[in-house]
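Here the structure is laid out as structure tokens; the discussion comes afterwards.
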Amino acid sequence: MKQNSGTARHIVVVDGDRKARAALVEYLQKSGFDVTGTTDTRALSQVGERRTADLVILDLAAPDDDAFGRCAMIRDDLGIPVIATSASADDVERILALEIGADDFIAKPFNPREVVARVRNLLRRLEMTASAPASQAGERYSFAGWTLDTTSRSLLTPTGEQLQLAGGEFELLFVLVTHANRVMTRDQLLELTKGRSAQPFDRSIDVRISRLRQRLGEHAQSARIIKAIYGKGYVLAAPVAVLA
């Protein structure tokens, strides 16, 4: 069943349990989403003929021959983000779902409000990823006497010394520089630097922030360039200029 129209984001709920599916569809509709409920992922092709899905909530117990394979297909082949659900308390199933492409996992029974919050958070993070500026070879960014060179993927010190950055260090610094003076949460930094491979509760951002501070000669307690905002995230607190 499909309700509502217009510009509301389209969510497809795949769940073989009719009662559970109907309840979640109704709650999502009341929260402002355009929702389609279906018993299995094979109906997705028919759904796509009417309107492309913005996100799929997939119960791993849906009556498919290969729910995990279809989860990977939805995420990788169709390019549609997936929130996997399961009544199983087995951590192995949760981990496997995340490894094969699910963007998030929610164990059943769940509070519908939590599902809506997860849906909104995931869509928001994906929108941020899509709108993030891409690194262009030849661009250089100057901040606090330092220069980030996107051609060599290196950092120039105020005295002109070139420091080669590891891939993760460069990506993180690039995101901070291009979002200067804006507080970025760990989730946002993870999504913008790691994309699909980012896992919930990944603390690697803190490690890379520490390494970048070492490069910049800063200590966490007295950092002036990359500052930690308690309870929120990190910010590059310096004016940034794009050099020719």
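Residue numbering restarts at 1 in every chain; chains get A, B, ... in the order shown in the structure tokens, and ligands count up from 1 in that same order.
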Task: Long-range neighbours of Pro158 in chain A as a PyMOL selection string, 9 Å cut-off, only C-alpha atoms, 4 positions minimum in chain - done: chain A and resi 144-147
- [ ] Fewer than 6 positions away in the same chain doesn't count, so skip those; otherwise give me all residues within 7 Å of Lys108 in chain A, counting only C-alpha atoms, as a list in words.
- [x]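 Listed by chain and then number, they are Thr85, Ser86 and Ala87 of chain A.
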Output file for the selection above: N, CA and C atoms, as a compact mmCIF listing (two decimals), in the first residue's frame:
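Produced file again-v9.txt, reproduced below:
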# COMPACT_ATOMS: atom_id res chain seq x y z
N THR A 85 16.49 -5.08 9.92
CA THR A 85 15.87 -5.39 11.21
C THR A 85 15.83 -6.90 11.37
N SER A 86 15.80 -7.35 12.62
CA SER A 86 15.73 -8.79 12.89
C SER A 86 15.29 -9.02 14.32
N ALA A 87 14.53 -10.10 14.52
CA ALA A 87 14.13 -10.49 15.87
C ALA A 87 15.20 -11.32 16.54
Applying 10 Å and only C-alpha atoms, which residues near Asp15 in chain A remain after dropping the ones on its own chain fewer than 4 positions away? List them as a short mmCIF file (atom, residue, chain, number, x, y, z; two decimals) with C-alpha atoms, in the first residue's frame.
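Generated file (out.cif):
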data_model
loop_
_atom_site.label_atom_id
_atom_site.label_comp_id
_atom_site.auth_asym_id
_atom_site.auth_seq_id
_atom_site.Cartn_x
_atom_site.Cartn_y
_atom_site.Cartn_z
CA LYS A 19 0.81 -6.93 11.55
CA ALA A 20 4.31 -5.60 12.27
CA ARG A 21 4.64 -4.21 8.73
CA ALA A 22 1.28 -2.42 8.86
CA LEU A 24 5.45 0.49 11.05
CA GLY A 37 4.77 -1.90 2.51
CA THR A 38 5.64 -5.23 0.90
CA THR A 39 6.20 -8.82 2.00
CA ASP A 40 9.52 -9.45 0.27
CA THR A 41 12.26 -7.71 -1.70
CA ILE A 57 13.72 -1.03 5.91
CA LEU A 58 14.39 -4.75 5.43
CA ASP A 59 13.45 -7.49 7.89
CA LEU A 60 16.08 -10.20 7.49
CA ALA A 61 13.40 -12.81 8.16
CA ALA A 62 11.39 -11.66 5.13
CA PRO A 63 10.32 -14.66 2.99
CA THR A 85 15.87 -5.39 11.21
CA SER A 86 15.73 -8.79 12.89
#
- [ ] Work out how far apart CA of Gln214 in chain A and CA of Tyr141 in chain A are and give it in Å to one decimal.
- [x]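 Distance between the two atoms: 19.0 Å.
Near Val56 in chain A, within 8 Å and counting only C-alpha atoms, sit Ile11, Val12, Val13, Val14, Ile80, Pro81, Val82 and Ile83 of chain A, not including residues fewer than 4 positions from it in the same chain.
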Open item on the list: Using only C-alpha atoms for the distances, tell me which of A:Ser142, A:Met184, A:Ala107, A:Arg208 is nearest to Ala166 in chain A.
Closed with: A:Arg208
TODO: To one decimal in Å, tell me the separation between CA of Leu173 in chain A and CA of Ile226 in chain A.
DONE: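 Here the two named atoms are 9.5 Å from each other.
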Task: Contacts of His10 in chain A at 6 Å (only C-alpha atoms; same-chain gap of 4+ positions) as a ChimeraX atom specification - done: /A:34-35,53-54
Residue subset to file, keeping N, CA and C atoms, as a PDB file, in the first residue's frame:
ATOM      1  N   ASP A  34       6.322   9.103   2.711  1.00  0.00           N
ATOM      2  CA  ASP A  34       5.553   8.356   1.714  1.00  0.00           C
ATOM      3  C   ASP A  34       6.027   6.909   1.832  1.00  0.00           C
ATOM      4  N   VAL A  35       5.114   5.981   2.135  1.00  0.00           N
ATOM      5  CA  VAL A  35       5.540   4.633   2.520  1.00  0.00           C
ATOM      6  C   VAL A  35       4.866   3.555   1.673  1.00  0.00           C
ATOM      7  N   ALA A  53      12.657   4.277  -4.464  1.00  0.00           N
ATOM      8  CA  ALA A  53      12.711   4.323  -3.010  1.00  0.00           C
ATOM      9  C   ALA A  53      13.900   5.151  -2.557  1.00  0.00           C
ATOM     10  N   ASP A  54      13.714   5.945  -1.496  1.00  0.00           N
ATOM     11  CA  ASP A  54      14.809   6.703  -0.898  1.00  0.00           C
ATOM     12  C   ASP A  54      15.517   5.888   0.170  1.00  0.00           C
TER      13      ASP A  54
END
Test item: residues at most 7 Å from range 111-128 of chain A, only C-alpha atoms, excluding those fewer than 5 positions along its chain, as an mmCIF file with N, CA and C atoms, in the first residue's frame:
data_model
loop_
_atom_site.group_PDB
_atom_site.id
_atom_site.type_symbol
_atom_site.label_atom_id
_atom_site.label_comp_id
_atom_site.auth_asym_id
_atom_site.auth_seq_id
_atom_site.Cartn_x
_atom_site.Cartn_y
_atom_site.Cartn_z
ATOM 1 N N LEU A 24 4.318 -0.380 11.365
ATOM 2 C CA LEU A 24 5.452 0.487 11.050
ATOM 3 C C LEU A 24 5.125 1.419 9.890
ATOM 4 N N TYR A 27 3.007 4.247 11.225
ATOM 5 C CA TYR A 27 3.755 5.208 12.031
ATOM 6 C C TYR A 27 4.629 6.096 11.156
ATOM 7 N N LEU A 28 5.263 5.515 10.143
ATOM 8 C CA LEU A 28 6.100 6.299 9.233
ATOM 9 C C LEU A 28 5.258 7.300 8.444
ATOM 10 N N GLN A 188 28.998 12.516 11.281
ATOM 11 C CA GLN A 188 29.141 13.266 10.033
ATOM 12 C C GLN A 188 30.530 13.075 9.440
ATOM 13 N N GLU A 191 30.799 9.576 7.961
ATOM 14 C CA GLU A 191 30.067 9.415 6.706
ATOM 15 C C GLU A 191 30.777 10.113 5.552
#
Task: Selected residue, from A:Leu78, A:Tyr234, A:Phe68, A:Phe33, that lies nearest to Glu93 in chain A when counting only C-alpha atoms - done: A:Phe68
Open item on the list: Which of range 16-234 of chain A end up as alpha helix (DSSP H) when DSSP is run on this backbone - answer as a ChimeraX atom specification?
Closed with: /A:18-30,44-50,67-72,91-99,112-131,167-178,186-194,204-215
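Our summary of the geometry notes that CA of Val242 in chain A is positioned 9.6 Å from CA of Leu148 in chain A.
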